[in-house]
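With compact mmCIF, C-alpha atoms inside, this is protein-v5.txt:
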```txt
# COMPACT_ATOMS: atom_id res chain seq x y z
CA MET Z 13 -24.32 -27.22 13.90
CA ILE Z 14 -22.40 -24.02 14.54
CA MET Z 15 -23.61 -22.03 17.52
CA LYS Z 16 -23.30 -18.26 17.24
CA ALA Z 17 -22.92 -15.77 20.04
CA ASN Z 18 -25.85 -13.37 20.42
CA LYS Z 19 -23.82 -10.23 19.81
CA PRO Z 20 -22.29 -11.30 16.47
CA LEU Z 21 -25.71 -12.58 15.38
CA LEU Z 22 -27.31 -9.24 16.20
CA ILE Z 23 -24.59 -7.44 14.25
CA LEU Z 24 -25.15 -9.75 11.29
CA ILE Z 25 -28.92 -9.09 11.34
CA LEU Z 26 -28.36 -5.34 11.41
CA PHE Z 27 -25.93 -5.41 8.50
CA SER Z 28 -28.01 -7.89 6.48
CA GLY Z 29 -30.69 -5.22 6.32
CA ILE Z 30 -28.14 -2.96 4.68
CA ILE Z 31 -26.68 -5.33 2.10
CA SER Z 32 -29.24 -8.05 1.40
CA ASN Z 33 -31.68 -6.30 -0.94
CA GLY Z 34 -29.57 -5.04 -3.81
CA CYS Z 35 -26.94 -2.36 -4.14
CA VAL Z 36 -26.16 0.03 -1.36
CA LYS Z 37 -27.19 3.54 -2.42
CA GLN Z 38 -24.01 5.55 -2.50
CA GLN Z 39 -24.13 9.24 -1.63
CA PRO Z 40 -21.45 11.81 -2.48
CA VAL Z 41 -19.22 12.26 0.53
CA ILE Z 42 -16.69 14.84 1.61
CA PRO Z 43 -13.68 14.19 3.86
CA LEU Z 44 -14.15 14.73 7.58
CA TYR Z 45 -10.60 16.05 8.02
CA GLU Z 46 -7.98 17.88 6.02
CA ALA Z 47 -5.19 15.69 4.69
CA ARG Z 48 -1.70 15.98 6.17
CA TYR Z 49 1.44 15.35 4.12
CA ASP Z 50 4.45 14.51 6.27
CA HIS Z 51 7.74 15.64 4.69
CA SER Z 52 9.69 15.70 7.95
CA GLU Z 53 12.05 12.95 6.79
CA PRO Z 54 13.95 12.91 3.47
CA VAL Z 55 12.68 10.54 0.80
CA ILE Z 56 15.13 7.70 0.12
CA ARG Z 57 15.91 7.73 -3.60
CA ILE Z 58 16.74 4.35 -5.15
CA ASN Z 59 18.48 4.67 -8.50
CA ILE Z 60 17.01 1.77 -10.46
CA GLU Z 61 18.65 2.80 -13.73
CA LYS Z 62 22.12 2.80 -12.19
CA ALA Z 63 21.44 -0.46 -10.32
CA MET Z 64 20.67 -2.19 -13.62
CA GLU Z 65 24.17 -1.28 -14.77
CA THR Z 66 25.83 -2.81 -11.68
CA PRO Z 67 25.00 -6.54 -11.35
CA ALA Z 68 26.24 -8.26 -8.21
CA THR Z 69 25.67 -11.51 -6.33
CA PHE Z 70 24.64 -11.63 -2.68
CA LYS Z 71 24.14 -14.26 -0.02
CA LEU Z 72 20.77 -14.93 1.57
CA SER Z 73 22.30 -14.47 5.04
CA GLN Z 74 22.70 -10.76 4.19
CA ILE Z 75 18.93 -10.30 4.33
CA ALA Z 76 17.67 -13.23 6.46
CA SER Z 77 18.86 -15.67 9.09
CA GLU Z 78 16.68 -18.80 8.94
CA LEU Z 79 14.33 -20.66 6.61
CA GLU Z 80 11.18 -22.71 7.11
CA TYR Z 81 9.31 -24.84 4.58
CA PHE Z 82 5.56 -25.42 4.32
CA SER Z 83 3.47 -27.31 1.77
CA ALA Z 84 1.30 -24.66 0.17
CA GLY Z 85 -1.08 -25.98 -2.45
CA ASP Z 86 -0.56 -26.69 -6.14
CA THR Z 87 -0.90 -25.04 -9.55
CA LYS Z 88 -4.69 -25.21 -9.38
CA TYR Z 89 -4.80 -23.12 -6.20
CA PRO Z 90 -1.53 -21.14 -6.02
CA VAL Z 91 -0.78 -18.93 -3.02
CA LYS Z 92 -1.98 -15.35 -3.48
CA GLN Z 93 -1.36 -13.97 0.01
CA VAL Z 94 0.40 -15.07 3.21
CA ILE Z 95 -0.30 -13.81 6.74
CA ALA Z 96 1.97 -14.53 9.71
CA ILE Z 97 0.29 -15.35 13.03
CA PRO Z 98 2.44 -13.72 15.76
CA ASP Z 99 4.18 -15.92 18.33
CA SER Z 100 2.79 -19.14 16.89
CA ASP Z 101 5.09 -20.30 14.07
CA ALA Z 102 1.92 -20.48 11.96
CA PHE Z 103 0.66 -18.80 8.80
CA ILE Z 104 -2.60 -18.29 6.98
CA THR Z 105 -2.43 -18.61 3.21
CA PHE Z 106 -4.99 -17.40 0.70
CA ASN Z 107 -5.01 -19.93 -2.15
CA LYS Z 108 -7.85 -18.25 -3.99
CA PRO Z 109 -10.62 -19.18 -3.37
CA ARG Z 110 -9.46 -21.27 -0.39
CA ILE Z 111 -7.90 -20.32 2.95
CA PHE Z 112 -5.50 -22.60 4.86
CA TYR Z 113 -4.02 -22.56 8.34
CA ARG Z 114 -0.43 -23.84 8.18
CA LYS Z 115 1.71 -24.60 11.20
CA ALA Z 116 5.22 -26.07 11.28
CA GLY Z 117 5.16 -29.82 11.91
CA ALA Z 118 1.39 -30.16 11.44
CA PRO Z 119 -0.81 -30.96 8.42
CA SER Z 120 -2.33 -27.95 6.68
CA LYS Z 121 -5.95 -27.26 7.65
CA ARG Z 122 -8.61 -25.78 5.39
CA TYR Z 123 -9.73 -22.70 7.26
CA GLY Z 124 -12.62 -20.32 7.52
CA LEU Z 125 -14.75 -19.66 4.47
CA LYS Z 126 -15.88 -21.90 1.69
CA ALA Z 127 -16.66 -19.72 -1.31
CA LEU Z 128 -16.22 -19.74 -5.08
CA ALA Z 129 -13.61 -17.48 -6.66
CA TYR Z 130 -16.09 -14.90 -7.98
CA ARG Z 131 -17.26 -14.11 -4.44
CA TRP Z 132 -13.87 -12.56 -3.64
CA TYR Z 133 -13.21 -8.90 -4.45
CA ASP Z 134 -10.68 -9.22 -7.26
CA ALA Z 135 -9.54 -5.62 -7.89
CA MET Z 136 -6.83 -5.45 -5.23
CA ASN Z 137 -3.94 -7.67 -6.29
CA ASP Z 138 -5.52 -10.67 -4.51
CA ALA Z 139 -4.60 -9.37 -1.03
CA ASN Z 140 -8.08 -10.19 0.26
CA LEU Z 141 -7.31 -10.90 3.92
CA PHE Z 142 -6.37 -8.89 7.02
CA TYR Z 143 -5.53 -10.39 10.39
CA ASP Z 144 -6.16 -8.27 13.47
CA LYS Z 145 -3.37 -9.09 15.93
CA LYS Z 146 -5.28 -7.70 18.92
CA THR Z 147 -8.61 -9.47 18.47
CA ARG Z 148 -7.07 -12.40 16.51
CA SER Z 149 -9.91 -12.15 14.00
CA LEU Z 150 -9.69 -12.44 10.22
CA TYR Z 151 -11.23 -9.84 7.90
CA TYR Z 152 -11.85 -10.46 4.21
CA ALA Z 153 -12.95 -8.50 1.12
CA PHE Z 154 -15.85 -9.86 -0.95
CA SER Z 155 -17.26 -8.80 -4.32
CA GLY Z 156 -20.92 -8.64 -3.32
CA LEU Z 157 -21.86 -11.03 -6.16
CA ASN Z 158 -23.97 -14.14 -5.70
CA LYS Z 159 -24.74 -15.93 -8.96
CA LEU Z 160 -26.96 -18.50 -7.27
CA ASN Z 161 -29.72 -16.01 -6.48
CA GLN Z 162 -28.60 -13.26 -8.89
CA ASP Z 163 -27.87 -10.86 -6.04
CA LYS Z 164 -25.46 -8.01 -6.72
CA ILE Z 165 -24.78 -5.89 -3.68
CA ALA Z 166 -21.98 -3.51 -2.80
CA PRO Z 167 -18.54 -5.06 -2.23
CA TYR Z 168 -18.00 -5.49 1.47
CA ILE Z 169 -15.54 -6.39 4.20
CA GLY Z 170 -16.64 -9.30 6.36
CA THR Z 171 -15.26 -10.71 9.59
CA LEU Z 172 -14.83 -14.18 11.03
CA TYR Z 173 -14.68 -15.43 14.58
CA PRO Z 174 -11.34 -15.23 16.46
CA LEU Z 175 -8.61 -17.61 15.34
CA ASN Z 176 -8.91 -20.09 18.23
CA THR Z 177 -12.65 -20.43 17.62
CA MET Z 178 -12.21 -20.87 13.88
CA ILE Z 179 -9.57 -23.59 14.30
CA SER Z 180 -11.88 -25.57 16.56
CA ILE Z 181 -14.84 -25.45 14.12
CA ARG Z 182 -15.06 -28.67 12.14
CA HIS Z 183 -17.39 -27.39 9.45
CA PHE Z 184 -16.81 -24.65 6.89
CA LEU Z 185 -18.51 -21.30 7.16
CA TYR Z 186 -20.14 -19.71 4.14
CA PRO Z 187 -20.24 -16.04 3.08
CA ASP Z 188 -23.60 -15.52 4.77
CA ASP Z 189 -22.15 -16.76 8.07
CA GLN Z 190 -19.88 -13.76 8.70
CA THR Z 191 -20.24 -12.13 12.11
CA ALA Z 192 -20.43 -8.65 10.57
CA ALA Z 193 -20.29 -7.03 7.12
CA TYR Z 194 -19.22 -3.52 6.20
CA PRO Z 195 -20.18 -2.26 2.72
CA LEU Z 196 -17.46 -0.41 0.81
CA HIS Z 197 -18.18 3.14 -0.24
CA LEU Z 198 -17.22 3.03 -3.93
CA ASN Z 199 -18.94 5.87 -5.80
CA ASN Z 200 -17.97 4.26 -9.10
CA PRO Z 201 -16.45 0.75 -9.14
CA GLU Z 202 -14.65 1.60 -12.40
CA ASN Z 203 -12.96 4.61 -10.83
CA ASP Z 204 -12.52 3.54 -7.20
CA LYS Z 205 -10.43 0.46 -6.34
CA LEU Z 206 -9.80 -1.02 -2.91
CA LEU Z 207 -6.12 -0.63 -2.04
CA SER Z 208 -6.08 -2.03 1.49
CA PHE Z 209 -8.16 -2.53 4.61
CA SER Z 210 -7.81 -3.32 8.29
CA SER Z 211 -10.12 -3.85 11.24
CA SER Z 212 -10.65 -0.09 11.61
CA GLY Z 213 -11.17 1.06 8.02
CA TYR Z 214 -10.16 0.85 4.41
CA THR Z 215 -8.32 2.79 1.73
CA ILE Z 216 -9.27 3.21 -1.93
CA TYR Z 217 -7.39 4.69 -4.87
CA HIS Z 218 -9.21 6.79 -7.42
CA TYR Z 219 -9.11 7.42 -11.17
CA GLU Z 220 -10.52 10.78 -12.27
CA ASN Z 221 -13.20 10.01 -14.87
CA GLU Z 222 -11.43 8.23 -17.77
CA ALA Z 223 -7.88 9.01 -16.61
CA GLY Z 224 -5.37 6.23 -17.23
CA GLU Z 225 -3.50 6.81 -13.96
CA PRO Z 226 -4.96 7.00 -10.45
CA ASN Z 227 -4.05 10.22 -8.67
CA LYS Z 228 -5.78 10.12 -5.27
CA ILE Z 229 -6.37 7.85 -2.30
CA SER Z 230 -9.13 8.16 0.29
CA THR Z 231 -9.36 6.66 3.77
CA PHE Z 232 -12.65 5.50 5.29
CA ASN Z 233 -13.76 4.10 8.60
CA MET Z 234 -15.83 0.92 8.65
CA GLN Z 235 -19.05 2.92 8.79
CA GLY Z 236 -18.30 4.41 5.34
CA ASP Z 237 -17.29 7.91 6.47
CA MET Z 238 -14.48 9.37 4.37
CA ILE Z 239 -11.77 10.43 6.80
CA CYS Z 240 -9.35 12.05 4.35
CA GLN Z 241 -8.59 12.35 0.67
CA PHE Z 242 -4.99 12.69 -0.51
CA THR Z 243 -3.90 13.96 -3.92
CA LEU Z 244 -0.67 12.17 -4.87
CA LYS Z 245 -0.07 13.60 -8.34
CA GLU Z 246 -1.67 15.42 -11.23
CA ASN Z 247 -3.26 13.44 -14.03
CA THR Z 248 -1.51 13.57 -17.39
CA PRO Z 249 -3.80 15.06 -20.07
CA GLY Z 250 -4.56 12.56 -22.81
CA VAL Z 251 -3.64 9.46 -20.79
CA THR Z 252 -6.81 7.37 -20.72
CA ARG Z 253 -7.78 3.97 -19.38
CA SER Z 254 -7.84 2.59 -22.92
CA SER Z 255 -4.27 3.78 -23.57
CA THR Z 256 -2.85 2.09 -20.44
CA LYS Z 257 -4.95 -1.10 -20.41
CA ASP Z 258 -2.25 -3.16 -22.14
CA ILE Z 259 0.57 -2.01 -19.83
CA PRO Z 260 0.78 -4.43 -16.88
CA SER Z 261 0.30 -2.12 -13.90
CA PHE Z 262 1.14 -2.82 -10.29
CA GLU Z 263 -0.22 -1.82 -6.92
CA THR Z 264 0.56 -3.10 -3.46
CA SER Z 265 0.02 -2.47 0.22
CA TYR Z 266 1.80 -4.11 3.13
CA TRP Z 267 2.09 -3.55 6.84
CA ASN Z 268 5.27 -2.49 8.59
CA ASP Z 269 5.70 -4.94 11.46
CA ALA Z 270 7.64 -2.67 13.83
CA GLN Z 271 5.41 0.39 13.44
CA ASP Z 272 2.21 -1.32 12.26
CA ARG Z 273 1.84 1.23 9.48
CA MET Z 274 0.80 0.59 5.92
CA ASN Z 275 3.22 1.14 3.03
CA PHE Z 276 1.74 1.25 -0.44
CA MET Z 277 2.20 1.93 -4.15
CA ILE Z 278 -0.50 2.70 -6.71
CA PRO Z 279 -0.40 1.96 -10.47
CA PHE Z 280 2.02 3.99 -12.62
CA CYS Z 281 3.49 5.75 -9.59
CA ASP Z 282 7.15 5.20 -8.69
CA THR Z 283 6.86 6.43 -5.09
CA VAL Z 284 6.32 4.21 -2.06
CA TYR Z 285 4.15 6.00 0.50
CA GLN Z 286 3.39 5.25 4.12
CA LEU Z 287 -0.05 5.78 5.61
CA ARG Z 288 0.98 6.92 9.09
CA ASP Z 289 -2.59 7.32 10.26
CA SER Z 290 -5.93 7.86 8.52
CA GLN Z 291 -5.11 11.59 8.12
CA THR Z 292 -1.39 11.47 7.32
CA ILE Z 293 0.76 10.06 4.54
CA ALA Z 294 4.49 10.39 3.88
CA PRO Z 295 6.61 9.52 0.83
CA ILE Z 296 9.38 7.16 1.98
CA TYR Z 297 11.01 5.71 -1.16
CA ALA Z 298 11.36 7.09 -4.69
CA LEU Z 299 12.13 4.36 -7.21
CA ASP Z 300 14.01 6.37 -9.82
CA LEU Z 301 13.87 4.78 -13.28
CA GLY Z 302 15.68 7.70 -14.93
CA ASN Z 303 15.56 7.62 -18.73
CA MET Z 304 13.83 4.21 -18.62
CA LYS Z 305 10.65 5.69 -17.15
CA LEU Z 306 7.57 5.69 -19.35
CA SER Z 307 6.95 9.20 -20.71
CA ASP Z 308 3.56 10.89 -20.95
CA GLU Z 309 3.50 10.30 -24.70
CA GLU Z 310 4.18 6.60 -24.23
CA LEU Z 311 1.41 6.34 -21.65
CA LYS Z 312 -0.95 7.97 -24.15
CA GLY Z 313 -0.75 4.82 -26.22
CA ASN Z 314 1.82 5.86 -28.79
CA GLY Z 315 3.82 2.68 -28.30
CA ILE Z 316 6.43 1.65 -25.76
CA PRO Z 317 9.98 1.63 -27.20
CA LYS Z 318 12.57 -0.94 -26.19
CA GLY Z 319 14.44 -0.10 -23.03
CA LYS Z 320 11.53 1.48 -21.18
CA ALA Z 321 10.76 -0.11 -17.80
CA TRP Z 322 8.27 -0.04 -14.96
CA ILE Z 323 7.72 -1.58 -11.51
CA ARG Z 324 6.05 -5.01 -11.35
CA ALA Z 325 6.80 -6.26 -7.81
CA LEU Z 326 7.90 -4.92 -4.43
CA SER Z 327 8.68 -6.54 -1.08
CA GLU Z 328 10.50 -5.23 1.98
CA ASN Z 329 12.07 -6.42 5.20
CA PRO Z 330 14.28 -4.56 7.73
CA ASN Z 331 17.40 -5.26 5.65
CA GLY Z 332 16.26 -4.37 2.16
CA LEU Z 333 13.79 -3.58 -0.59
CA PHE Z 334 13.23 -6.20 -3.29
CA ILE Z 335 12.03 -4.70 -6.55
CA GLY Z 336 10.86 -6.53 -9.66
CA ILE Z 337 11.22 -4.71 -12.99
CA LEU Z 338 9.69 -5.36 -16.39
CA GLN Z 339 11.70 -3.79 -19.22
CA LYS Z 340 10.47 -3.69 -22.80
CA GLY Z 341 12.63 -5.87 -25.02
CA ALA Z 342 14.69 -7.47 -22.24
CA PRO Z 343 14.68 -11.27 -21.76
CA HIS Z 344 12.08 -12.49 -19.28
CA ILE Z 345 13.22 -14.28 -16.14
CA LEU Z 346 12.06 -17.87 -16.57
CA ASN Z 347 11.44 -20.66 -14.09
CA TRP Z 348 13.34 -23.94 -13.85
CA ARG Z 349 11.35 -25.34 -16.78
CA GLY Z 350 12.36 -22.44 -19.00
CA GLU Z 351 8.81 -21.05 -18.78
CA ILE Z 352 7.02 -18.05 -17.30
CA ASP Z 353 5.10 -18.83 -14.10
CA GLY Z 354 1.49 -17.90 -14.79
CA PHE Z 355 0.76 -17.02 -11.17
CA LYS Z 356 3.68 -14.59 -10.73
CA PRO Z 357 4.36 -11.16 -12.28
CA VAL Z 358 6.56 -11.33 -15.37
CA LEU Z 359 9.98 -9.81 -14.57
CA THR Z 360 13.11 -9.02 -16.50
CA HIS Z 361 15.28 -7.75 -13.61
CA ARG Z 362 15.54 -8.33 -9.86
CA ILE Z 363 16.77 -5.28 -7.92
CA VAL Z 364 17.81 -5.29 -4.26
CA TYR Z 365 18.29 -2.13 -2.23
CA LEU Z 366 20.41 -2.83 0.87
CA LYS Z 367 19.35 -0.42 3.58
CA LYS Z 368 22.60 -0.42 5.55
CA GLU Z 369 24.65 0.34 2.44
CA GLY Z 370 22.10 2.73 0.97
CA LYS Z 371 22.75 1.25 -2.47
CA ALA Z 372 20.86 -0.79 -5.06
CA TYR Z 373 22.12 -3.67 -7.20
CA THR Z 374 20.81 -5.98 -9.91
CA LEU Z 375 20.98 -9.70 -9.21
CA PRO Z 376 22.18 -11.60 -12.31
CA SER Z 377 19.19 -13.32 -13.93
CA GLU Z 378 21.04 -16.64 -14.08
CA SER Z 379 21.64 -16.54 -10.31
CA GLY Z 380 17.98 -17.21 -9.52
CA GLY Z 381 18.15 -14.73 -6.65
CA PHE Z 382 20.19 -14.68 -3.45
CA ILE Z 383 22.69 -17.52 -3.02
CA ASN Z 384 21.24 -19.73 -0.30
CA ASP Z 385 24.03 -20.05 2.26
CA ILE Z 386 21.57 -20.68 5.12
CA ASP Z 387 20.72 -24.30 4.29
CA ASP Z 388 22.39 -24.76 0.89
CA GLY Z 389 18.98 -24.94 -0.77
CA LEU Z 390 17.75 -23.25 -3.94
CA PRO Z 391 18.45 -19.55 -4.59
CA PHE Z 392 15.89 -17.25 -2.98
CA TRP Z 393 13.90 -14.36 -4.38
CA PRO Z 394 10.74 -13.17 -2.57
CA ASP Z 395 7.34 -13.56 -4.16
CA GLY Z 396 5.82 -11.56 -1.31
CA GLN Z 397 5.99 -10.68 2.35
CA THR Z 398 4.03 -10.79 5.57
CA ASP Z 399 5.23 -8.44 8.29
CA ASP Z 400 9.03 -8.79 8.30
CA TYR Z 401 8.96 -12.27 6.74
CA LEU Z 402 9.69 -12.84 3.05
CA TYR Z 403 8.30 -15.86 1.24
CA MET Z 404 8.99 -17.66 -2.04
CA ILE Z 405 6.79 -20.26 -3.76
CA ARG Z 406 8.51 -23.12 -5.60
CA ALA Z 407 7.43 -26.53 -6.89
CA VAL Z 408 8.49 -29.65 -4.99
CA SER Z 409 9.56 -31.15 -8.31
CA ASP Z 410 11.73 -28.09 -8.93
CA MET Z 411 13.45 -28.48 -5.57
CA ARG Z 412 13.95 -32.24 -5.86
CA ASP Z 413 15.33 -32.00 -9.39
CA ASN Z 414 17.60 -29.01 -8.91
CA LEU Z 415 18.84 -29.25 -5.34
CA ILE Z 416 22.50 -30.26 -5.16
CA ARG Z 417 22.83 -32.64 -2.21
CA THR Z 418 26.16 -31.63 -0.69
CA GLY Z 419 26.08 -33.75 2.45
CA SER Z 420 26.31 -30.53 4.44
CA PRO Z 421 24.73 -30.56 7.94
CA LYS Z 422 22.97 -27.35 6.89
CA GLN Z 423 20.74 -29.38 4.55
CA GLN Z 424 19.40 -31.85 7.11
CA ALA Z 425 16.08 -30.12 7.82
CA LEU Z 426 15.50 -29.34 4.14
CA LEU Z 427 16.21 -32.92 3.02
CA LYS Z 428 13.99 -34.31 5.76
CA TYR Z 429 11.14 -32.18 4.40
CA LEU Z 430 11.78 -33.02 0.72
CA ASP Z 431 12.21 -36.76 1.35
CA SER Z 432 9.16 -37.08 3.58
CA PRO Z 433 6.33 -39.29 2.17
CA ALA Z 434 3.95 -36.50 3.18
CA THR Z 435 5.62 -34.11 0.70
CA HIS Z 436 3.94 -34.84 -2.65
CA GLU Z 437 5.51 -34.29 -6.06
CA LYS Z 438 2.60 -32.09 -7.20
CA ASP Z 439 2.86 -29.78 -4.18
CA TYR Z 440 4.16 -26.27 -4.12
CA VAL Z 441 6.38 -25.19 -1.25
CA MET Z 442 6.21 -21.93 0.67
CA ILE Z 443 9.72 -21.02 1.79
CA ILE Z 444 9.71 -18.49 4.64
CA ALA Z 445 12.82 -16.36 5.17
CA LYS Z 446 13.00 -14.97 8.71
CA LEU Z 447 15.19 -12.65 10.71
CA LYS Z 448 16.04 -13.98 14.16
CA LYS Z 449 14.69 -11.72 16.88
```
Now, as a test, write the supplied structure out as structure tokens.
Amino acid sequence: MIMKANKPLLILILFSGIISNGCVKQQPVIPLYEARYDHSEPVIRINIEKAMETPATFKLSQIASELEYFSAGDTKYPVKQVIAIPDSDAFITFNKPRIFYRKAGAPSKRYGLKALAYRWYDAMNDANLFYDKKTRSLYYAFSGLNKLNQDKIAPYIGTLYPLNTMISIRHFLYPDDQTAAYPLHLNNPENDKLLSFSSSGYTIYHYENEAGEPNKISTFNMQGDMICQFTLKENTPGVTRSSTKDIPSFETSYWNDAQDRMNFMIPFCDTVYQLRDSQTIAPIYALDLGNMKLSDEELKGNGIPKGKAWIRALSENPNGLFIGILQKGAPHILNWRGEIDGFKPVLTHRIVYLKKEGKAYTLPSESGGFINDIDDGLPFWPDGQTDDYLYMIRAVSDMRDNLIRTGSPKQQALLKYLDSPATHEKDYVMIIAKLKK
């Protein structure tokens, strides 16, 4: 039996009155404050078109300094999100619908909630978790659906007990066991999508009516008050949701470790913005596709000609930006089996922007990514990031079949992991690339 503290239980009772009996009644809201656009620093322009004309190979040591390996699920439950736990050499992974606590040298532990996949809010690129470093509590985004009793309430952000408490609990918690729940203020779920959230509030991006491109973001506190609304661009007349539905779009949000600020992109926008506080945003990177960029006519559904390209992936660490491109008509980057990984975005080009050089390059598709000179393992290309860490997901069978055993002392830790009886053939591996601090 799980004992609950009185305060969290009281909070849960108060919020259950809000969300338990059907949909939350949404009222039109206006921002509390005027939006601020910070243009004090020049936007860094990254010439993607030129980079695709200048392929080059690079070593992994140019962007990272050490690697760690963790077993991280299988094809049935692939990793969707990774969260680093500061000063612990541990990570939380979201293997939708499951959560795991993974620590170096210890077996992975099923963590937190037990819920079916439909309970998770699925309109935000599967980044459903936020870890508060101060309170050490985990926040999660849920859909508000419950097929068992036919309930359909507003999507909400829930919270769990602090990390140390959750690790000590031997039984799973269920969605109704959260210590608090905060309904999301989505005036129209078709037009408003959750972009990101934290322990203090959340951010949505907004489509105007039937527009095919979002043009605004809004910030809210946990009580549902709109703090600010930012207009990022004008909608293109004639571009509708039906005309862009077959173009694989991309959005992302991630937290800058040093400044603890959120960087983000929204669909069909080639600018990376930073949310500096709930009232201020700043453009920081412009990903310039040049003549490859989709035109307004092409977005209207008149067909995408060969050679046109758009953004499909983005990660960042202090040394670089790592940009995945999908170009119409170009060969897809395939995995070691000569197939497309179903749980990763389809890419045709891998672009790296090296911050110290201020220049972007294309990594040759046959290279597999950065040459791994850290432990002579497989080439590395990030599938995502958490704080300043980059991570890549690969199959154990891939690593065992394709790793060239050189006898180098660099490979000792890697071979110990791969040859361990605890490392199963069906497993996937999470490879963490770190910068030494």
Rank Z:Lys367, Z:Ile97, Z:Pro195, Z:Leu141 by their smallest atom-to-atom distance to Asn176 (chain Z), using only C-alpha atoms, and report the top residue only. Z:Ile97
How many Å separate CA of Leu366 (chain Z) from CA of Leu346 (chain Z)?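 Here the two named atoms are 24.5 Å from each other.
Closest approach to Leu299 (chain Z) from the set Z:Phe232, Z:Tyr152, Z:Trp267, Z:Tyr365 is made by Z:Tyr365, with distances taken over only C-alpha atoms.
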For CA of Ser409 (chain Z) and CA of Gln74 (chain Z), determine how far apart the two atoms are, in Å to one decimal place.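 Separation of CA of Ser409 (chain Z) and CA of Gln74 (chain Z): 27.3 Å.
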8 Å per side around region 155-170 of chain Z: axis-aligned box centre and edge lengths, as AutoDock Vina command-line options:
```
--center_x -22.6 --center_y -11.0 --center_z -1.3 --size_x 30.2 --size_y 31.0 --size_z 31.3
```
Could you tell me how far CA of Gly319 (chain Z) sits from CA of Pro226 (chain Z), in Å to one decimal place?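 Separating CA of Pro226 (chain Z) from CA of Gly319 (chain Z) is a distance of 24.2 Å.
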Just want the 10 Å neighbourhood of Gly170 (chain Z), counted on all atoms listed in the file, with same-chain residues fewer than 2 positions away dropped. Output as a list in words.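 Non-adjacent residues within range: Leu24, Leu141, Leu150, Tyr151, Tyr152, Ala153, Phe154, Pro167, Tyr168, Leu172, Pro187, Asp188, Asp189, Gln190, Thr191, Ala192, Ala193, Tyr194, Pro195 and Ser211 of chain Z.
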Best match for closeness to Lys62 (chain Z) among Z:Lys146, Z:Lys88, Z:Lys371, Z:Arg114, counting only C-alpha atoms: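 Among the listed residues, the smallest separation from Lys62 (chain Z) belongs to Z:Lys371.
With distances taken from (14.0, -15.8, -17.8) and restricted to all atoms listed in the file, the residues inside 12 Å are Leu338, Ala342, Pro343, His344, Ile345, Leu346, Asn347, Trp348, Arg349, Gly350, Glu351, Ile352, Asp353, Val358, Leu359, Thr360, His361, Arg362, Pro376, Ser377, Glu378, Ser379, Gly380 and Gly381 of chain Z.
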For each of Z:Ile386, Z:Val94, Z:Leu426, Z:Met442, take the minimum atom-to-atom distance to Asp400 (chain Z), counting only C-alpha atoms, then give the residue where this is smallest.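 Ranking Z:Ile386, Z:Val94, Z:Leu426, Z:Met442 by distance to Asp400 (chain Z), first place goes to Z:Val94.
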Counting all atoms listed in the file, the residue among Z:Glu46, Z:Glu328, Z:Asp385, Z:Glu246 that lies closest to Ser230 (chain Z) is Z:Glu46
For a quick check of understanding, using all atoms listed in the file, which of Z:Ala47, Z:Met411, Z:Met136, Z:Ile316 has the smallest distance to Asp431 (chain Z)?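 When distances to Asp431 (chain Z) are compared using all atoms listed in the file, the smallest one comes from Z:Met411.
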Do a neighbour search on Leu196 (chain Z) at 10 Å with only C-alpha atoms, toss out local chain neighbours closer than 2 positions, and write the hits as a PDB file with C-alpha atoms, keeping the file's coordinate frame.
```pdb
ATOM      1  CA  VAL Z  36     -26.160   0.030  -1.360  1.00  0.00           C
ATOM      2  CA  GLN Z  38     -24.010   5.550  -2.500  1.00  0.00           C
ATOM      3  CA  ALA Z 153     -12.950  -8.500   1.120  1.00  0.00           C
ATOM      4  CA  PHE Z 154     -15.850  -9.860  -0.950  1.00  0.00           C
ATOM      5  CA  SER Z 155     -17.260  -8.800  -4.320  1.00  0.00           C
ATOM      6  CA  GLY Z 156     -20.920  -8.640  -3.320  1.00  0.00           C
ATOM      7  CA  ALA Z 166     -21.980  -3.510  -2.800  1.00  0.00           C
ATOM      8  CA  PRO Z 167     -18.540  -5.060  -2.230  1.00  0.00           C
ATOM      9  CA  TYR Z 168     -18.000  -5.490   1.470  1.00  0.00           C
ATOM     10  CA  ILE Z 169     -15.540  -6.390   4.200  1.00  0.00           C
ATOM     11  CA  ALA Z 193     -20.290  -7.030   7.120  1.00  0.00           C
ATOM     12  CA  TYR Z 194     -19.220  -3.520   6.200  1.00  0.00           C
ATOM     13  CA  LEU Z 198     -17.220   3.030  -3.930  1.00  0.00           C
ATOM     14  CA  ASN Z 199     -18.940   5.870  -5.800  1.00  0.00           C
ATOM     15  CA  LEU Z 206      -9.800  -1.020  -2.910  1.00  0.00           C
ATOM     16  CA  GLY Z 213     -11.170   1.060   8.020  1.00  0.00           C
ATOM     17  CA  TYR Z 214     -10.160   0.850   4.410  1.00  0.00           C
ATOM     18  CA  THR Z 215      -8.320   2.790   1.730  1.00  0.00           C
ATOM     19  CA  ILE Z 216      -9.270   3.210  -1.930  1.00  0.00           C
ATOM     20  CA  PHE Z 232     -12.650   5.500   5.290  1.00  0.00           C
ATOM     21  CA  ASN Z 233     -13.760   4.100   8.600  1.00  0.00           C
ATOM     22  CA  MET Z 234     -15.830   0.920   8.650  1.00  0.00           C
ATOM     23  CA  GLN Z 235     -19.050   2.920   8.790  1.00  0.00           C
ATOM     24  CA  GLY Z 236     -18.300   4.410   5.340  1.00  0.00           C
TER      25      GLY Z 236
END
```
